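model_24.pdb (PDB, C-alpha atoms)
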```pdb
ATOM      1  CA  MET A  13     206.899 226.908  38.253
ATOM      2  CA  ALA A  14     207.734 230.131  36.457
ATOM      3  CA  SER A  15     204.097 231.236  36.368
ATOM      4  CA  ALA A  16     203.640 230.528  40.067
ATOM      5  CA  LEU A  17     206.745 232.506  40.944
ATOM      6  CA  TRP A  18     205.550 235.379  38.786
ATOM      7  CA  THR A  19     202.272 235.474  40.710
ATOM      8  CA  TRP A  20     203.851 235.396  44.155
ATOM      9  CA  ALA A  21     207.328 236.870  43.774
ATOM     10  CA  ARG A  22     206.991 239.659  41.253
ATOM     11  CA  PHE A  23     207.949 242.596  43.450
ATOM     12  CA  PRO A  24     211.774 242.768  43.704
ATOM     13  CA  LEU A  25     211.954 246.507  42.916
ATOM     14  CA  TYR A  26     209.526 249.280  42.149
ATOM     15  CA  PHE A  27     210.078 252.987  41.632
ATOM     16  CA  GLY A  28     207.020 255.204  41.361
ATOM     17  CA  GLY A  29     206.685 257.670  38.532
ATOM     18  CA  GLY A  30     206.293 260.566  40.954
ATOM     19  CA  LEU A  31     210.035 261.027  41.349
ATOM     20  CA  VAL A  32     210.425 263.527  38.541
ATOM     21  CA  SER A  33     207.553 265.716  39.705
ATOM     22  CA  LEU A  34     208.922 266.084  43.229
ATOM     23  CA  ALA A  35     210.813 269.323  43.758
ATOM     24  CA  GLY A  36     214.011 269.407  45.771
ATOM     25  CA  GLY A  37     212.547 269.777  49.256
ATOM     26  CA  ALA A  38     209.806 267.242  48.626
ATOM     27  CA  LEU A  39     212.327 264.751  47.296
ATOM     28  CA  TYR A  40     214.426 265.099  50.414
ATOM     29  CA  TYR A  41     211.554 264.565  52.813
ATOM     30  CA  TRP A  42     209.513 262.009  50.864
ATOM     31  CA  GLN A  43     212.137 259.865  49.187
ATOM     32  CA  ASN A  44     211.654 257.032  51.679
ATOM     33  CA  GLU A  45     208.107 256.619  50.391
ATOM     34  CA  ILE A  46     209.515 256.292  46.875
ATOM     35  CA  ILE A  47     212.473 254.033  47.621
ATOM     36  CA  TYR A  48     210.532 251.796  50.027
ATOM     37  CA  PRO A  49     207.002 251.443  48.558
ATOM     38  CA  ARG A  50     205.868 249.016  51.241
ATOM     39  CA  ASN A  51     202.167 249.429  50.420
ATOM     40  CA  ILE A  52     202.591 247.967  46.934
ATOM     41  CA  PRO A  53     200.691 245.877  45.993
ATOM     42  CA  PRO A  54     197.573 247.120  47.789
ATOM     43  CA  GLY A  55     197.163 245.338  51.096
ATOM     44  CA  ALA A  56     200.837 244.410  51.369
ATOM     45  CA  ARG A  57     201.009 245.706  54.954
ATOM     46  CA  THR A  58     198.199 243.469  56.179
ATOM     47  CA  ASP A  59     197.688 240.657  53.652
ATOM     48  CA  VAL A  60     200.711 238.413  54.154
ATOM     49  CA  PRO A  61     200.310 234.914  52.685
ATOM     50  CA  ARG A  62     201.255 232.147  55.111
ATOM     51  CA  PRO A  63     203.437 229.117  54.280
ATOM     52  CA  PRO A  64     200.542 226.614  54.026
ATOM     53  CA  ALA A  65     199.207 228.668  51.092
ATOM     54  CA  VAL A  66     202.051 227.274  48.946
ATOM     55  CA  GLY A  67     202.212 223.814  50.494
ATOM     56  CA  ILE A  68     204.886 224.447  53.135
ATOM     57  CA  GLU A  69     204.243 222.338  56.230
ATOM     58  CA  ASP A  70     207.363 222.605  58.390
ATOM     59  CA  TYR A  71     207.761 226.245  59.369
ATOM     60  CA  GLU A  72     207.702 228.730  62.231
ATOM     61  CA  GLU A  73     206.176 232.202  62.295
ATOM     62  CA  LEU A  74     208.535 234.431  64.252
ATOM     63  CA  THR A  75     208.641 237.912  65.737
ATOM     64  CA  LEU A  76     212.203 239.152  66.193
ATOM     65  CA  PRO A  77     212.976 242.192  68.381
ATOM     66  CA  THR A  78     215.566 244.660  67.080
ATOM     67  CA  SER A  79     218.104 246.567  69.145
ATOM     68  CA  ASP A  80     216.191 249.814  68.570
ATOM     69  CA  GLY A  81     212.781 248.565  69.646
ATOM     70  CA  GLU A  82     211.081 247.335  66.467
ATOM     71  CA  SER A  83     209.464 243.926  65.952
ATOM     72  CA  LEU A  84     210.212 242.060  62.743
ATOM     73  CA  SER A  85     208.009 239.406  61.204
ATOM     74  CA  ALA A  86     209.785 236.348  59.808
ATOM     75  CA  PHE A  87     209.208 232.819  58.537
ATOM     76  CA  LEU A  88     211.619 229.982  59.235
ATOM     77  CA  VAL A  89     211.057 227.260  56.638
ATOM     78  CA  ARG A  90     212.622 223.816  57.000
ATOM     79  CA  PRO A  91     213.117 221.032  54.428
ATOM     80  CA  ALA A  92     210.262 218.551  54.363
ATOM     81  CA  ASN A  93     212.677 215.637  53.985
ATOM     82  CA  LYS A  94     214.772 215.761  57.159
ATOM     83  CA  ALA A  95     217.000 212.905  56.049
ATOM     84  CA  ALA A  96     218.094 214.869  52.964
ATOM     85  CA  ALA A  97     218.430 218.270  54.659
ATOM     86  CA  ARG A  98     221.708 220.067  54.079
ATOM     87  CA  PRO A  99     223.530 221.853  56.921
ATOM     88  CA  VAL A 100     222.834 225.236  55.349
ATOM     89  CA  THR A 101     220.637 228.126  56.513
ATOM     90  CA  ILE A 102     219.734 230.718  53.865
ATOM     91  CA  LEU A 103     218.956 234.240  55.110
ATOM     92  CA  THR A 104     216.827 235.949  52.461
ATOM     93  CA  PHE A 105     216.239 239.653  51.794
ATOM     94  CA  HIS A 106     213.582 240.687  49.290
ATOM     95  CA  GLY A 107     213.152 243.688  47.017
ATOM     96  CA  ASN A 108     211.582 247.009  47.909
ATOM     97  CA  ALA A 109     207.888 246.195  47.411
ATOM     98  CA  GLY A 110     205.574 243.430  48.568
ATOM     99  CA  ASN A 111     206.230 241.274  51.634
ATOM    100  CA  ILE A 112     207.780 237.951  52.617
ATOM    101  CA  GLY A 113     204.538 236.116  51.917
ATOM    102  CA  HIS A 114     204.852 236.989  48.232
ATOM    103  CA  ARG A 115     208.202 235.165  48.142
ATOM    104  CA  LEU A 116     207.082 231.932  49.800
ATOM    105  CA  PRO A 117     207.365 229.900  46.564
ATOM    106  CA  ILE A 118     211.066 230.766  46.589
ATOM    107  CA  ALA A 119     211.407 229.484  50.160
ATOM    108  CA  ARG A 120     209.533 226.315  49.235
ATOM    109  CA  ILE A 121     212.052 225.547  46.482
ATOM    110  CA  LEU A 122     215.034 226.413  48.680
ATOM    111  CA  ALA A 123     213.702 224.140  51.427
ATOM    112  CA  ASN A 124     212.116 221.227  49.584
ATOM    113  CA  ASP A 125     214.130 221.058  46.356
ATOM    114  CA  ILE A 126     217.522 222.391  47.458
ATOM    115  CA  GLN A 127     217.068 221.048  51.017
ATOM    116  CA  CYS A 128     218.165 224.142  52.955
ATOM    117  CA  THR A 129     216.572 225.800  55.971
ATOM    118  CA  THR A 130     215.440 229.312  55.037
ATOM    119  CA  LEU A 131     214.860 232.393  57.207
ATOM    120  CA  MET A 132     212.701 234.950  55.417
ATOM    121  CA  LEU A 133     213.090 238.274  57.243
ATOM    122  CA  GLU A 134     210.602 241.131  56.838
ATOM    123  CA  TYR A 135     212.050 244.635  56.954
ATOM    124  CA  ARG A 136     210.665 247.201  59.387
ATOM    125  CA  GLY A 137     207.604 248.920  57.978
ATOM    126  CA  TYR A 138     206.880 246.021  55.616
ATOM    127  CA  GLY A 139     204.216 243.371  56.028
ATOM    128  CA  LEU A 140     203.519 242.790  59.706
ATOM    129  CA  SER A 141     206.777 244.321  60.953
ATOM    130  CA  THR A 142     206.631 247.536  62.962
ATOM    131  CA  GLY A 143     208.384 250.828  62.236
ATOM    132  CA  ASN A 144     209.325 252.729  59.099
ATOM    133  CA  PRO A 145     212.036 251.720  56.637
ATOM    134  CA  THR A 146     215.297 253.642  56.397
ATOM    135  CA  GLU A 147     218.753 252.596  55.284
ATOM    136  CA  LYS A 148     220.039 252.594  58.866
ATOM    137  CA  GLY A 149     216.962 250.701  60.055
ATOM    138  CA  LEU A 150     217.227 247.977  57.411
ATOM    139  CA  MET A 151     220.873 247.484  58.333
ATOM    140  CA  ILE A 152     219.782 246.850  61.920
ATOM    141  CA  ASP A 153     217.082 244.474  60.672
ATOM    142  CA  ALA A 154     219.570 242.460  58.633
ATOM    143  CA  GLN A 155     221.907 242.079  61.597
ATOM    144  CA  THR A 156     218.933 241.051  63.727
ATOM    145  CA  GLY A 157     218.164 238.185  61.361
ATOM    146  CA  LEU A 158     221.761 237.016  61.259
ATOM    147  CA  ASP A 159     222.124 237.179  65.043
ATOM    148  CA  TYR A 160     218.913 235.194  65.431
ATOM    149  CA  ILE A 161     220.293 232.362  63.315
ATOM    150  CA  ARG A 162     223.455 232.420  65.396
ATOM    151  CA  SER A 163     221.429 232.243  68.614
ATOM    152  CA  ARG A 164     219.519 229.040  67.824
ATOM    153  CA  ASP A 165     221.058 225.811  69.008
ATOM    154  CA  ASP A 166     219.481 223.879  66.126
ATOM    155  CA  LEU A 167     221.043 226.226  63.542
ATOM    156  CA  LYS A 168     224.419 227.014  65.086
ATOM    157  CA  GLY A 169     226.183 224.246  63.228
ATOM    158  CA  ASN A 170     224.827 225.266  59.837
ATOM    159  CA  LYS A 171     226.684 227.192  57.182
ATOM    160  CA  ILE A 172     224.972 230.549  56.547
ATOM    161  CA  LEU A 173     224.220 231.709  53.016
ATOM    162  CA  VAL A 174     222.965 235.285  52.520
ATOM    163  CA  TYR A 175     220.690 235.826  49.486
ATOM    164  CA  GLY A 176     219.300 239.163  48.292
ATOM    165  CA  GLN A 177     217.161 240.291  45.384
ATOM    166  CA  SER A 178     217.412 243.889  44.131
ATOM    167  CA  LEU A 179     217.248 246.137  47.234
ATOM    168  CA  GLY A 180     217.799 242.929  49.191
ATOM    169  CA  GLY A 181     221.106 242.554  47.377
ATOM    170  CA  ALA A 182     222.251 245.897  48.761
ATOM    171  CA  VAL A 183     221.103 244.849  52.242
ATOM    172  CA  SER A 184     222.976 241.558  51.860
ATOM    173  CA  ILE A 185     226.220 243.168  50.692
ATOM    174  CA  ASP A 186     226.224 245.577  53.625
ATOM    175  CA  LEU A 187     225.500 242.800  56.130
ATOM    176  CA  VAL A 188     228.158 240.428  54.829
ATOM    177  CA  ALA A 189     230.808 243.155  54.599
ATOM    178  CA  LYS A 190     230.171 244.175  58.204
ATOM    179  CA  ASN A 191     230.418 240.544  59.371
ATOM    180  CA  LYS A 192     233.588 239.732  57.496
ATOM    181  CA  GLY A 193     235.821 237.240  59.232
ATOM    182  CA  THR A 194     233.200 235.789  61.574
ATOM    183  CA  GLY A 195     233.547 232.402  59.890
ATOM    184  CA  ASP A 196     229.919 231.291  59.807
ATOM    185  CA  ILE A 197     228.832 233.100  56.616
ATOM    186  CA  LYS A 198     229.864 230.823  53.773
ATOM    187  CA  GLY A 199     228.365 232.469  50.695
ATOM    188  CA  LEU A 200     226.497 235.400  49.157
ATOM    189  CA  ILE A 201     223.926 235.358  46.329
ATOM    190  CA  LEU A 202     223.005 238.586  44.514
ATOM    191  CA  GLU A 203     220.185 238.935  42.010
ATOM    192  CA  ASN A 204     219.588 242.081  39.914
ATOM    193  CA  THR A 205     220.975 244.568  42.400
ATOM    194  CA  PHE A 206     222.457 248.018  41.859
ATOM    195  CA  LEU A 207     225.615 250.040  42.409
ATOM    196  CA  SER A 208     223.926 252.658  44.618
ATOM    197  CA  ILE A 209     220.614 254.483  44.960
ATOM    198  CA  ALA A 210     222.201 257.642  43.579
ATOM    199  CA  LYS A 211     223.235 255.784  40.419
ATOM    200  CA  MET A 212     219.819 254.156  40.117
ATOM    201  CA  ILE A 213     217.883 257.442  39.985
ATOM    202  CA  PRO A 214     219.273 258.608  36.603
ATOM    203  CA  SER A 215     218.588 255.158  35.156
ATOM    204  CA  VAL A 216     214.966 255.018  36.314
ATOM    205  CA  MET A 217     214.122 258.707  35.939
ATOM    206  CA  PRO A 218     216.715 260.518  33.797
ATOM    207  CA  ALA A 219     215.084 263.925  34.333
ATOM    208  CA  ALA A 220     215.718 263.615  38.068
ATOM    209  CA  LYS A 221     219.463 263.072  37.796
ATOM    210  CA  TYR A 222     220.227 266.596  39.012
ATOM    211  CA  LEU A 223     218.350 265.901  42.245
ATOM    212  CA  THR A 224     220.523 262.981  43.284
ATOM    213  CA  PRO A 225     222.604 265.104  45.727
ATOM    214  CA  LEU A 226     219.427 265.364  47.819
ATOM    215  CA  CYS A 227     219.254 261.606  48.255
ATOM    216  CA  HIS A 228     219.898 260.607  51.876
ATOM    217  CA  GLU A 229     219.323 256.889  51.295
ATOM    218  CA  HIS A 230     222.575 255.666  49.769
ATOM    219  CA  TRP A 231     223.087 251.884  49.723
ATOM    220  CA  LYS A 232     226.594 252.206  48.276
ATOM    221  CA  SER A 233     227.074 248.598  47.269
ATOM    222  CA  GLU A 234     229.893 249.532  44.920
ATOM    223  CA  GLU A 235     231.913 250.618  47.966
ATOM    224  CA  MET A 236     230.919 247.787  50.301
ATOM    225  CA  LEU A 237     231.231 244.813  47.931
ATOM    226  CA  PRO A 238     235.025 244.995  47.441
ATOM    227  CA  GLN A 239     235.387 244.545  51.204
ATOM    228  CA  ILE A 240     234.002 241.010  50.876
ATOM    229  CA  THR A 241     237.011 238.819  50.160
ATOM    230  CA  ASP A 242     236.647 235.720  52.322
ATOM    231  CA  ILE A 243     233.557 233.972  50.881
ATOM    232  CA  PRO A 244     232.261 232.973  47.422
ATOM    233  CA  VAL A 245     229.714 235.183  45.643
ATOM    234  CA  LEU A 246     227.111 234.161  43.040
ATOM    235  CA  PHE A 247     225.751 236.816  40.664
ATOM    236  CA  LEU A 248     222.378 236.077  39.005
ATOM    237  CA  SER A 249     221.763 238.663  36.286
ATOM    238  CA  GLY A 250     218.582 239.010  34.238
ATOM    239  CA  LEU A 251     219.738 240.485  30.942
ATOM    240  CA  GLN A 252     216.323 241.990  30.134
ATOM    241  CA  ASP A 253     216.124 243.904  33.429
ATOM    242  CA  GLU A 254     214.208 247.097  32.697
ATOM    243  CA  ILE A 255     214.589 248.612  36.183
ATOM    244  CA  VAL A 256     218.191 247.988  37.251
ATOM    245  CA  PRO A 257     220.367 248.217  34.131
ATOM    246  CA  PRO A 258     222.260 244.918  33.737
ATOM    247  CA  GLY A 259     225.387 247.031  33.577
ATOM    248  CA  HIS A 260     225.082 247.630  37.328
ATOM    249  CA  MET A 261     225.420 243.918  38.033
ATOM    250  CA  LYS A 262     228.304 243.631  35.572
ATOM    251  CA  GLN A 263     230.147 246.484  37.275
ATOM    252  CA  LEU A 264     229.567 244.944  40.698
ATOM    253  CA  PHE A 265     230.948 241.686  39.338
ATOM    254  CA  LYS A 266     234.095 243.490  38.198
ATOM    255  CA  LEU A 267     234.431 245.203  41.576
ATOM    256  CA  CYS A 268     234.065 241.967  43.516
ATOM    257  CA  ARG A 269     237.240 240.770  45.255
ATOM    258  CA  ALA A 270     235.814 237.546  46.691
ATOM    259  CA  LYS A 271     237.903 234.395  46.750
ATOM    260  CA  LYS A 272     235.497 232.816  44.247
ATOM    261  CA  VAL A 273     233.079 234.716  42.008
ATOM    262  CA  VAL A 274     230.447 232.968  39.898
ATOM    263  CA  TRP A 275     228.573 234.831  37.154
ATOM    264  CA  LYS A 276     225.328 233.438  35.721
ATOM    265  CA  GLU A 277     223.186 235.173  33.127
ATOM    266  CA  LEU A 278     219.452 234.630  32.629
ATOM    267  CA  PRO A 279     219.061 235.837  29.022
ATOM    268  CA  TYR A 280     215.290 236.381  29.130
ATOM    269  CA  GLY A 281     214.996 237.510  32.748
ATOM    270  CA  ASP A 282     213.604 240.972  33.387
ATOM    271  CA  HIS A 283     213.615 242.578  36.810
ATOM    272  CA  ASN A 284     210.543 240.805  38.126
ATOM    273  CA  ASN A 285     210.752 237.373  36.532
ATOM    274  CA  THR A 286     214.440 236.441  36.589
ATOM    275  CA  VAL A 287     213.644 234.176  39.542
ATOM    276  CA  GLY A 288     211.282 232.193  37.332
ATOM    277  CA  GLU A 289     213.712 231.670  34.466
ATOM    278  CA  ARG A 290     214.913 228.198  33.540
ATOM    279  CA  GLY A 291     218.094 227.278  35.379
ATOM    280  CA  TYR A 292     217.813 229.911  38.118
ATOM    281  CA  PHE A 293     217.570 227.465  41.011
ATOM    282  CA  ASN A 294     219.984 225.051  39.360
ATOM    283  CA  HIS A 295     222.595 227.800  39.567
ATOM    284  CA  ILE A 296     221.866 228.225  43.273
ATOM    285  CA  GLU A 297     222.054 224.495  43.951
ATOM    286  CA  GLU A 298     225.357 224.177  42.089
ATOM    287  CA  PHE A 299     226.757 227.153  44.003
ATOM    288  CA  ILE A 300     225.783 225.593  47.315
ATOM    289  CA  GLN A 301     227.180 222.200  46.369
ATOM    290  CA  ASP A 302     230.433 223.408  44.821
ATOM    291  CA  HIS A 303     231.299 226.402  46.991
ATOM    292  CA  VAL A 304     229.176 226.769  50.155
ATOM    293  CA  LEU A 305     229.297 223.210  51.455
ATOM    294  CA  LYS A 306     232.984 222.956  50.652
ATOM    295  CA  GLY A 307     233.781 226.284  52.292
TER     296      GLY A 307
END
```
Let me see the structure of the file written as structure tokens.
Amino acid sequence: MASALWTWARFPLYFGGGLVSLAGGALYYWQNEIIYPRNIPPGARTDVPRPPAVGIEDYEELTLPTSDGESLSAFLVRPANKAAARPVTILTFHGNAGNIGHRLPIARILANDIQCTTLMLEYRGYGLSTGNPTEKGLMIDAQTGLDYIRSRDDLKGNKILVYGQSLGGAVSIDLVAKNKGTGDIKGLILENTFLSIAKMIPSVMPAAKYLTPLCHEHWKSEEMLPQITDIPVLFLSGLQDEIVPPGHMKQLFKLCRAKKVVWKELPYGDHNNTVGERGYFNHIEEFIQDHVLKG
């Protein structure tokens, strides 16, 4: 399983080496291309694997309209065993490279092993979605996915679990904080995410630390996360993460004010293969069983 996940889901976060060489003005105007490298790997905008490629049979391919006129690609994946299906819908947000097709093995496990319906949302400018990614735009996209789940009669009774990897963790934190108190979101899962973009830049490219004031993409998770107090949160931290320092996750954990906080370490997980480490999905299943379903 780990090798398959490495092949298909290895793109949670990527920062190009060009950051240091960009002067101030160039950094300001081109940082979206660096923070959101949607063309990595080559063909990521057009070559989107479909669910049957990983053995998923019960699914829908969706196009979701946003409030500002974009069209988002998405997959809705259902458990193969309807009798064992749990009343949980997982809304997933991926990292800053690749597309939702690269993460289909994750959806297959969530649906067929953990028995949860899964909505995989593609950000604007990624995969087959229209538009160009920005912080404001991705926030709209996230709300679009959540509102879609709420709009479906067959999903309305389900408990919603929001799950984000890397950049997707920042997207998830923002979405959940802004929907606090609505009652239908029952849990949040964060894997290898960061405090803020500004605090990531010195970690990835130390020589560029003096250019951080020019960063207009913020993703201030360290400010948004403490606002989440009414649902349980699961932290999945790969201790060998070479992109997001594990200290970022540890600090977010300390900042968290949720009613129940669960911390799980993957000792050998680096940024791209934590999802394939032994026990990763066991932690998710236990979190759902012990905290989401009982919430």
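The two atoms in question, CA of Ile68 in chain A and CA of Asp166 in chain A, are spaced 19.5 Å apart.
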Please identify every residue of range 85-183 of chain A that has at least one atom no farther than 12 Å from an atom of range 239-243 of chain A, counting only C-alpha atoms, and for each give the shortest atom pair and the distance in Å to one decimal, arranged by chain then increasing number, as JSON lines.
```
{"residue": "A:Lys171", "atom": "CA", "partner": "A:Ile243", "partner_atom": "CA", "distance": 11.5}
{"residue": "A:Ile172", "atom": "CA", "partner": "A:Ile243", "partner_atom": "CA", "distance": 10.8}
{"residue": "A:Leu173", "atom": "CA", "partner": "A:Ile243", "partner_atom": "CA", "distance": 9.8}
{"residue": "A:Val174", "atom": "CA", "partner": "A:Ile243", "partner_atom": "CA", "distance": 10.8}
```
If you keep C-alpha atoms, can you produce a file of those selected residues as a tab-separated table (two decimals), in the frame of the given file?
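Now in result_13.tsv:
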```
chain	number	residue	atom	x	y	z
A	171	LYS	CA	226.68	227.19	57.18
A	172	ILE	CA	224.97	230.55	56.55
A	173	LEU	CA	224.22	231.71	53.02
A	174	VAL	CA	222.96	235.28	52.52
```
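Residues matched by the PyMOL selection byres ((chain A and resi 92) around 12) in this structure: Gly67, Ile68, Glu69, Asp70, Tyr71, Val89, Arg90, Pro91, Asn93, Lys94, Ala95, Ala96, Ala97, Arg98, Ala119, Arg120, Ile121, Leu122, Ala123, Asn124, Asp125, Ile126, Gln127, Cys128, Thr129 and Thr130 of chain A.
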Matched chain/residue IDs from the PyMOL selection byres ((chain A and resi 101-107) around 9), as a VMD selection string: chain A and resid 23 to 26 98 to 100 108 to 112 115 119 122 128 to 135 154 157 to 158 161 167 170 to 181 183 to 184
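Take CA of Asp302 in chain A and CA of Pro244 in chain A: the distance between them is 10.1 Å.
You can rank A:Phe206, A:Tyr160, A:Tyr138, A:Trp275 by their closest distance to Glu45 in chain A using all atoms listed in the file, and at the top of that list sits A:Tyr138.
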Gln263 in chain A environment, 9 Å, only C-alpha atoms, sequence neighbours closer than 4 positions dropped, as a PyMOL selection string: chain A and resi 207+234+258-259+267-268
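Here CA of Gly81 in chain A and CA of Asp165 in chain A stand 24.2 Å from one another.
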Within 6 Å of Val304 in chain A using only C-alpha atoms, minus same-chain residues under 3 positions, as a VMD selection string: chain A and resid 198 to 199 300 307
Kindly save the residues from that selection, with C-alpha atoms included, as a PDB file, in the coordinates of the input.
```pdb
ATOM      1  CA  LYS A 198     229.864 230.823  53.773  1.00  0.00           C
ATOM      2  CA  GLY A 199     228.365 232.469  50.695  1.00  0.00           C
ATOM      3  CA  ILE A 300     225.783 225.593  47.315  1.00  0.00           C
ATOM      4  CA  GLY A 307     233.781 226.284  52.292  1.00  0.00           C
TER       5      GLY A 307
END
```
Padding 3 Å on each side, edges along x, y and z: where is the centre of the box around the listed atoms of range 286-297 of chain A, and how long are its edges in Å to one decimal? Output it as JSON.
```
{"center_x": 216.9, "center_y": 230.5, "center_z": 38.7, "size_x": 17.3, "size_y": 17.9, "size_z": 16.4}
```
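Between Val256 in chain A and the candidates A:His230, A:Glu235, A:Arg290, A:Glu203, the tightest atom-to-atom separation, counting only C-alpha atoms, involves A:Glu203.
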Residues in the PyMOL selection byres ((chain A and resi 251) around 7), expressed as a PyMOL selection string: chain A and resi 249-250+252-253+258+277-282
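Minimum atom-to-atom distances from A:Pro64, A:Pro53, A:Gly113, A:Gly139 to Ser83 in chain A were compared using all atoms listed in the file, and the lowest value belongs to A:Gly139.
When only C-alpha atoms are used to measure the gap to Glu297 in chain A, the shortest distance among A:Leu246, A:His283, A:Ser141, A:Phe265 belongs to A:Leu246.
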Is it possible to add all heavy atoms to range 114-121 of chain A and hand it back as a tab-separated table (two decimals), keeping the file's coordinate frame?
```tsv
chain	number	residue	atom	x	y	z
A	114	HIS	N	204.83	237.05	49.69
A	114	HIS	CA	204.85	236.99	48.23
A	114	HIS	C	206.02	236.15	47.72
A	114	HIS	O	206.03	235.73	46.57
A	114	HIS	CB	204.95	238.40	47.64
A	114	HIS	CG	203.78	239.27	47.97
A	114	HIS	ND1	203.90	240.56	48.41
A	114	HIS	CD2	202.44	239.02	47.94
A	114	HIS	CE1	202.70	241.07	48.63
A	114	HIS	NE2	201.80	240.16	48.35
A	115	ARG	N	207.03	235.93	48.57
A	115	ARG	CA	208.20	235.16	48.14
A	115	ARG	C	208.21	233.74	48.66
A	115	ARG	O	209.21	233.02	48.55
A	115	ARG	CB	209.48	235.87	48.62
A	115	ARG	CG	209.92	237.05	47.77
A	115	ARG	CD	209.16	238.30	48.04
A	115	ARG	NE	209.67	239.43	47.24
A	115	ARG	CZ	209.27	240.68	47.42
A	115	ARG	NH1	208.38	240.98	48.35
A	115	ARG	NH2	209.76	241.64	46.67
A	116	LEU	N	207.12	233.28	49.24
A	116	LEU	CA	207.08	231.93	49.80
A	116	LEU	C	207.38	230.82	48.78
A	116	LEU	O	207.99	229.81	49.15
A	116	LEU	CB	205.74	231.69	50.48
A	116	LEU	CG	205.62	232.29	51.88
A	116	LEU	CD1	204.17	232.27	52.36
A	116	LEU	CD2	206.51	231.55	52.87
A	117	PRO	N	206.98	230.95	47.51
A	117	PRO	CA	207.36	229.90	46.56
A	117	PRO	C	208.88	229.75	46.43
A	117	PRO	O	209.37	228.66	46.16
A	117	PRO	CB	206.73	230.37	45.25
A	117	PRO	CG	205.56	231.17	45.68
A	117	PRO	CD	206.02	231.91	46.89
A	118	ILE	N	209.60	230.85	46.62
A	118	ILE	CA	211.07	230.77	46.59
A	118	ILE	C	211.55	229.93	47.77
A	118	ILE	O	212.39	229.04	47.63
A	118	ILE	CB	211.69	232.18	46.62
A	118	ILE	CG1	211.28	232.96	45.38
A	118	ILE	CG2	213.21	232.08	46.72
A	118	ILE	CD1	211.73	234.41	45.39
A	119	ALA	N	211.02	230.23	48.96
A	119	ALA	CA	211.41	229.48	50.16
A	119	ALA	C	211.06	228.01	50.04
A	119	ALA	O	211.81	227.14	50.51
A	119	ALA	CB	210.73	230.09	51.38
A	120	ARG	N	209.93	227.71	49.41
A	120	ARG	CA	209.53	226.32	49.24
A	120	ARG	C	210.56	225.56	48.39
A	120	ARG	O	210.93	224.43	48.71
A	120	ARG	CB	208.16	226.24	48.57
A	120	ARG	CG	207.64	224.81	48.39
A	120	ARG	CD	206.36	224.83	47.57
A	120	ARG	NE	206.61	225.35	46.23
A	120	ARG	CZ	205.68	225.91	45.46
A	120	ARG	NH1	204.44	226.05	45.90
A	120	ARG	NH2	205.99	226.35	44.26
A	121	ILE	N	211.05	226.19	47.33
A	121	ILE	CA	212.05	225.55	46.48
A	121	ILE	C	213.37	225.41	47.23
A	121	ILE	O	214.03	224.37	47.18
A	121	ILE	CB	212.23	226.34	45.17
A	121	ILE	CG1	210.94	226.26	44.34
A	121	ILE	CG2	213.41	225.80	44.38
A	121	ILE	CD1	210.94	227.17	43.13
```
